[in-house]
Amino acid sequence: VLMTLTCLTLRNYYAKYEPSTLKQSVRANMPISMRKEGDEDIFNPLVFGNNFSQGQLSFPIHLEDPMEIFRSMKAQIDVIKVSPEPLVRHALVKMLTVGSPIPHRTAAALVLDQFGKVTAMLSNVVGPMQEVEFMGKTLDDMSFYAMVPLGLYFGIVQYKGWIKVGICCDSGLEPEPQRLAECWEEAFQALRKAAEFAMPEVTNTIVAQAV
């Protein structure tokens with residue numbers, strides 16, 4: 001659902017500001033955690049640090065129907081879940097960066113080249129579902145950002161039952177990220193209406209539970 005919202009956001013944005021882009025291919029990298037279940041002790045040197053691979057999604061921004069976009073995104077994610085590609089990517093990056101005879105500058109260029117073959121980077125972080133504290137202070141809100149060498153980043157985080165998206169843009173390409181944020185709200189409303197029409201019983205049940 002969140003990837004569908006991201007796709008609809010981009011589609012709405014391009015339709016408003018760059019209609020010609022709707023005919024082009026738009027892809028994104030999506031970090032995939034490689035941690036094993038139970039690897040939560042951050043003080044353990046074997047667990048501490050980043051441990052992720054990446055998958056790639058292609059956004060069908062040429063489609064207009066939100067439910068068609070949903071089915072396309074779900075099909076791609078279902079393939080990524082069973083594909084060996086993230087494991088292979090993880091192994092290749094590890095081979096290049098850990099104990100490799102390849103000069104660090106060359107290895108870094110090879111890794112960054114892979115990031116540069118997409119339009120955007122996405123991340124979806126499941127935060128605490130209940131209110132938490134940090135150093136004795138209650139956290140009212142939570143945002144998530146990752147610094148990547150790309151012109152567009154969507155950082156999605158869930159906290160206390162709410163979903164928040166942080167958007168970073170290259171100012172040379174889009175100096176006003178608020179434009180994309182406005183398209184996110186429009187995308188949510190469009191997807192909600194489409195879901196209510198396609199699955200009224202399920203949608204009404206979810207809304208009733210939320211209330």
# chains A, B, ... in the order shown; residues from 1 in each chain; ligands from 1
>>> residues_around(residues="range 31-35 of chain A", least_positions_apart="2", cutoff="12 Å", atoms="only C-alpha atoms", output="PyMOL selection string")
chain A and resi 28-29+37-42+46-57+77+80-81+85-91+115+120-126+146+148+153-156
>>> write_last_selection(atoms="N, CA and C atoms", output="short mmCIF file (atom, residue, chain, number, x, y, z; two decimals), in the first residue's frame")
data_model
loop_
_atom_site.label_atom_id
_atom_site.label_comp_id
_atom_site.auth_asym_id
_atom_site.auth_seq_id
_atom_site.Cartn_x
_atom_site.Cartn_y
_atom_site.Cartn_z
N ALA A 28 13.11 2.79 -8.42
CA ALA A 28 13.63 3.20 -7.10
C ALA A 28 14.31 2.02 -6.41
N ASN A 29 15.31 2.35 -5.61
CA ASN A 29 15.94 1.36 -4.74
C ASN A 29 15.17 1.29 -3.43
N GLU A 37 16.07 -12.86 12.51
CA GLU A 37 15.10 -12.66 13.58
C GLU A 37 15.80 -12.79 14.94
N GLY A 38 15.60 -11.81 15.78
CA GLY A 38 16.23 -11.83 17.11
C GLY A 38 17.49 -10.99 17.19
N ASP A 39 17.98 -10.47 16.05
CA ASP A 39 19.18 -9.63 16.06
C ASP A 39 18.81 -8.22 16.49
N GLU A 40 18.55 -8.04 17.77
CA GLU A 40 18.10 -6.75 18.28
C GLU A 40 19.05 -6.14 19.31
N ASP A 41 20.08 -6.86 19.69
CA ASP A 41 21.02 -6.36 20.69
C ASP A 41 22.05 -5.47 20.01
N ILE A 42 21.81 -4.14 20.02
CA ILE A 42 22.70 -3.23 19.30
C ILE A 42 24.07 -3.12 19.95
N LEU A 46 28.49 -8.13 16.73
CA LEU A 46 28.09 -8.90 15.56
C LEU A 46 26.78 -8.40 14.96
N VAL A 47 26.05 -7.59 15.73
CA VAL A 47 24.74 -7.10 15.29
C VAL A 47 24.79 -5.62 14.95
N PHE A 48 25.63 -4.86 15.69
CA PHE A 48 25.68 -3.41 15.53
C PHE A 48 26.08 -3.02 14.11
N GLY A 49 25.45 -1.96 13.59
CA GLY A 49 25.82 -1.46 12.26
C GLY A 49 24.77 -1.79 11.22
N ASN A 50 25.02 -1.33 10.01
CA ASN A 50 24.09 -1.56 8.91
C ASN A 50 24.24 -2.98 8.36
N ASN A 51 23.13 -3.57 8.05
CA ASN A 51 23.13 -4.90 7.45
C ASN A 51 21.91 -5.00 6.54
N PHE A 52 22.08 -4.52 5.32
CA PHE A 52 20.94 -4.52 4.41
C PHE A 52 21.40 -4.72 2.97
N SER A 53 20.48 -5.15 2.17
CA SER A 53 20.68 -5.26 0.73
C SER A 53 19.70 -4.30 0.07
N GLN A 54 19.46 -4.49 -1.21
CA GLN A 54 18.52 -3.60 -1.86
C GLN A 54 17.71 -4.36 -2.92
N GLY A 55 16.48 -3.90 -3.08
CA GLY A 55 15.64 -4.39 -4.17
C GLY A 55 15.26 -3.20 -5.03
N GLN A 56 14.81 -3.46 -6.22
CA GLN A 56 14.43 -2.37 -7.11
C GLN A 56 12.98 -2.51 -7.52
N LEU A 57 12.29 -1.39 -7.51
CA LEU A 57 10.89 -1.33 -7.92
C LEU A 57 10.76 -0.42 -9.13
N ILE A 77 6.68 -6.70 -5.42
CA ILE A 77 7.16 -6.98 -4.07
C ILE A 77 7.10 -8.47 -3.76
N ILE A 80 10.18 -9.94 -5.25
CA ILE A 80 11.38 -9.60 -4.46
C ILE A 80 11.49 -10.49 -3.22
N LYS A 81 10.35 -10.80 -2.60
CA LYS A 81 10.35 -11.60 -1.37
C LYS A 81 10.92 -13.00 -1.58
N GLU A 85 17.91 -12.31 -5.60
CA GLU A 85 18.66 -11.12 -5.98
C GLU A 85 19.17 -10.32 -4.78
N PRO A 86 18.34 -10.04 -3.75
CA PRO A 86 18.89 -9.29 -2.61
C PRO A 86 20.07 -10.00 -1.94
N LEU A 87 20.02 -11.32 -1.87
CA LEU A 87 21.12 -12.07 -1.27
C LEU A 87 22.38 -11.95 -2.12
N VAL A 88 22.21 -12.01 -3.45
CA VAL A 88 23.35 -11.89 -4.36
C VAL A 88 23.94 -10.49 -4.28
N ARG A 89 23.08 -9.48 -4.28
CA ARG A 89 23.56 -8.10 -4.17
C ARG A 89 24.33 -7.89 -2.87
N HIS A 90 23.78 -8.43 -1.79
CA HIS A 90 24.43 -8.29 -0.48
C HIS A 90 25.82 -8.94 -0.49
N ALA A 91 25.91 -10.12 -1.08
CA ALA A 91 27.19 -10.83 -1.15
C ALA A 91 28.20 -10.07 -2.01
N PHE A 115 23.53 2.68 -7.24
CA PHE A 115 22.52 3.60 -6.71
C PHE A 115 22.09 4.60 -7.78
N ALA A 120 14.96 7.23 -7.55
CA ALA A 120 14.74 7.58 -6.14
C ALA A 120 15.17 6.45 -5.22
N MET A 121 15.31 6.79 -3.95
CA MET A 121 15.54 5.82 -2.89
C MET A 121 14.34 5.86 -1.95
N LEU A 122 13.89 4.66 -1.55
CA LEU A 122 12.78 4.55 -0.62
C LEU A 122 13.25 3.83 0.64
N SER A 123 12.66 4.16 1.76
CA SER A 123 12.87 3.36 2.97
C SER A 123 11.57 3.36 3.76
N ASN A 124 11.25 2.22 4.32
CA ASN A 124 10.03 2.06 5.10
C ASN A 124 10.40 1.46 6.44
N VAL A 125 10.33 2.27 7.49
CA VAL A 125 10.76 1.84 8.82
C VAL A 125 9.54 1.68 9.72
N VAL A 126 9.41 0.52 10.30
CA VAL A 126 8.32 0.27 11.25
C VAL A 126 8.80 0.70 12.64
N ALA A 146 17.45 9.14 5.26
CA ALA A 146 18.74 8.50 4.98
C ALA A 146 19.42 9.33 3.90
N VAL A 148 21.45 9.75 0.78
CA VAL A 148 21.81 8.93 -0.38
C VAL A 148 22.23 9.83 -1.53
N TYR A 153 14.41 11.25 -2.39
CA TYR A 153 14.34 10.25 -1.32
C TYR A 153 12.99 10.34 -0.61
N PHE A 154 12.39 9.18 -0.39
CA PHE A 154 11.17 9.06 0.41
C PHE A 154 11.49 8.23 1.65
N GLY A 155 11.34 8.82 2.83
CA GLY A 155 11.55 8.09 4.08
C GLY A 155 10.24 7.92 4.81
N ILE A 156 9.74 6.70 4.84
CA ILE A 156 8.43 6.42 5.44
C ILE A 156 8.64 5.76 6.80
#
>>> select_by_dssp(residues="chain A", states="strand (DSSP E)", output="PyMOL selection string")
chain A and resi 26-33+52-59+120-126+133-134+137-138+152-159+162-169
>>> write_last_selection(atoms="C-alpha atoms", output="mmCIF file, in the first residue's frame")
data_model
loop_
_atom_site.group_PDB
_atom_site.id
_atom_site.type_symbol
_atom_site.label_atom_id
_atom_site.label_comp_id
_atom_site.auth_asym_id
_atom_site.auth_seq_id
_atom_site.Cartn_x
_atom_site.Cartn_y
_atom_site.Cartn_z
ATOM 1 C CA VAL A 26 10.831 5.564 -13.095
ATOM 2 C CA ARG A 27 12.570 3.129 -10.733
ATOM 3 C CA ALA A 28 13.627 3.196 -7.102
ATOM 4 C CA ASN A 29 15.943 1.361 -4.738
ATOM 5 C CA MET A 30 14.377 -0.115 -1.614
ATOM 6 C CA PRO A 31 16.617 -1.203 1.292
ATOM 7 C CA ILE A 32 15.936 -4.743 2.518
ATOM 8 C CA SER A 33 17.032 -5.725 6.017
ATOM 9 C CA PHE A 52 20.943 -4.517 4.414
ATOM 10 C CA SER A 53 20.682 -5.256 0.732
ATOM 11 C CA GLN A 54 18.515 -3.605 -1.864
ATOM 12 C CA GLY A 55 15.644 -4.389 -4.166
ATOM 13 C CA GLN A 56 14.432 -2.374 -7.109
ATOM 14 C CA LEU A 57 10.895 -1.325 -7.925
ATOM 15 C CA SER A 58 9.562 0.052 -11.184
ATOM 16 C CA PHE A 59 6.738 2.553 -10.752
ATOM 17 C CA ALA A 120 14.737 7.576 -6.145
ATOM 18 C CA MET A 121 15.543 5.817 -2.887
ATOM 19 C CA LEU A 122 12.778 4.549 -0.618
ATOM 20 C CA SER A 123 12.866 3.356 2.965
ATOM 21 C CA ASN A 124 10.028 2.058 5.098
ATOM 22 C CA VAL A 125 10.758 1.844 8.823
ATOM 23 C CA VAL A 126 8.317 0.273 11.251
ATOM 24 C CA GLU A 133 10.516 8.039 25.534
ATOM 25 C CA PHE A 134 14.054 9.138 24.742
ATOM 26 C CA LYS A 137 11.314 12.850 27.138
ATOM 27 C CA THR A 138 8.183 11.610 25.377
ATOM 28 C CA LEU A 152 14.962 12.088 -4.579
ATOM 29 C CA TYR A 153 14.337 10.254 -1.316
ATOM 30 C CA PHE A 154 11.169 9.064 0.406
ATOM 31 C CA GLY A 155 11.551 8.092 4.076
ATOM 32 C CA ILE A 156 8.430 6.424 5.443
ATOM 33 C CA VAL A 157 8.117 5.721 9.172
ATOM 34 C CA GLN A 158 5.278 4.342 11.278
ATOM 35 C CA TYR A 159 4.871 5.543 14.859
ATOM 36 C CA TRP A 162 0.450 7.017 12.225
ATOM 37 C CA ILE A 163 2.414 7.015 8.987
ATOM 38 C CA LYS A 164 4.716 9.882 8.131
ATOM 39 C CA VAL A 165 6.773 10.420 4.999
ATOM 40 C CA GLY A 166 9.853 12.606 4.794
ATOM 41 C CA ILE A 167 10.788 13.829 1.312
ATOM 42 C CA CYS A 168 14.231 15.060 0.270
ATOM 43 C CA CYS A 169 14.881 16.541 -3.173
#
>>> select_by_dssp(residues="chain A", states="alpha helix (DSSP H)", output="NGL selection string")
:A and (2-17 or 66-82 or 85-97 or 104-115 or 178-198 or 200-210)
>>> closest_residue(among="A:Ala109, A:Cys7, A:Ala198, A:Met147", to="Asp170 in chain A", atoms="only C-alpha atoms")
A:Met147
>>> residues_around(residues="Ala107 in chain A", least_positions_apart="5", cutoff="9 Å", atoms="only C-alpha atoms", output="PyMOL selection string")
chain A and resi 93+96-97+100+102+112
>>> closest_residue(among="A:Pro128, A:Pro177, A:Lys16, A:Thr4", to="Asp140 in chain A", atoms="only C-alpha atoms")
A:Pro128
>>> residues_around(residues="Tyr13 in chain A", least_positions_apart="2", cutoff="12 Å", atoms="only C-alpha atoms", output="list in words")
Thr6, Cys7, Leu8, Thr9, Leu10, Arg11, Ala15, Lys16, Tyr17, Glu18, Pro19, Ser20, Thr21, Leu22, Ile61, Glu174, Glu176, Pro177, Gln178, Arg179, Leu180, Ala181, Glu182, Cys183, Trp184, Glu185, Glu186 and Ala187 of chain A
>>> atom_distance(atom1="CA of Leu5 in chain A", atom2="CA of Asp65 in chain A")
12.2 Å
>>> closest_residue(among="A:Arg71, A:Lys193, A:His104, A:Lys160", to="Val1 in chain A", atoms="only C-alpha atoms")
A:Arg71
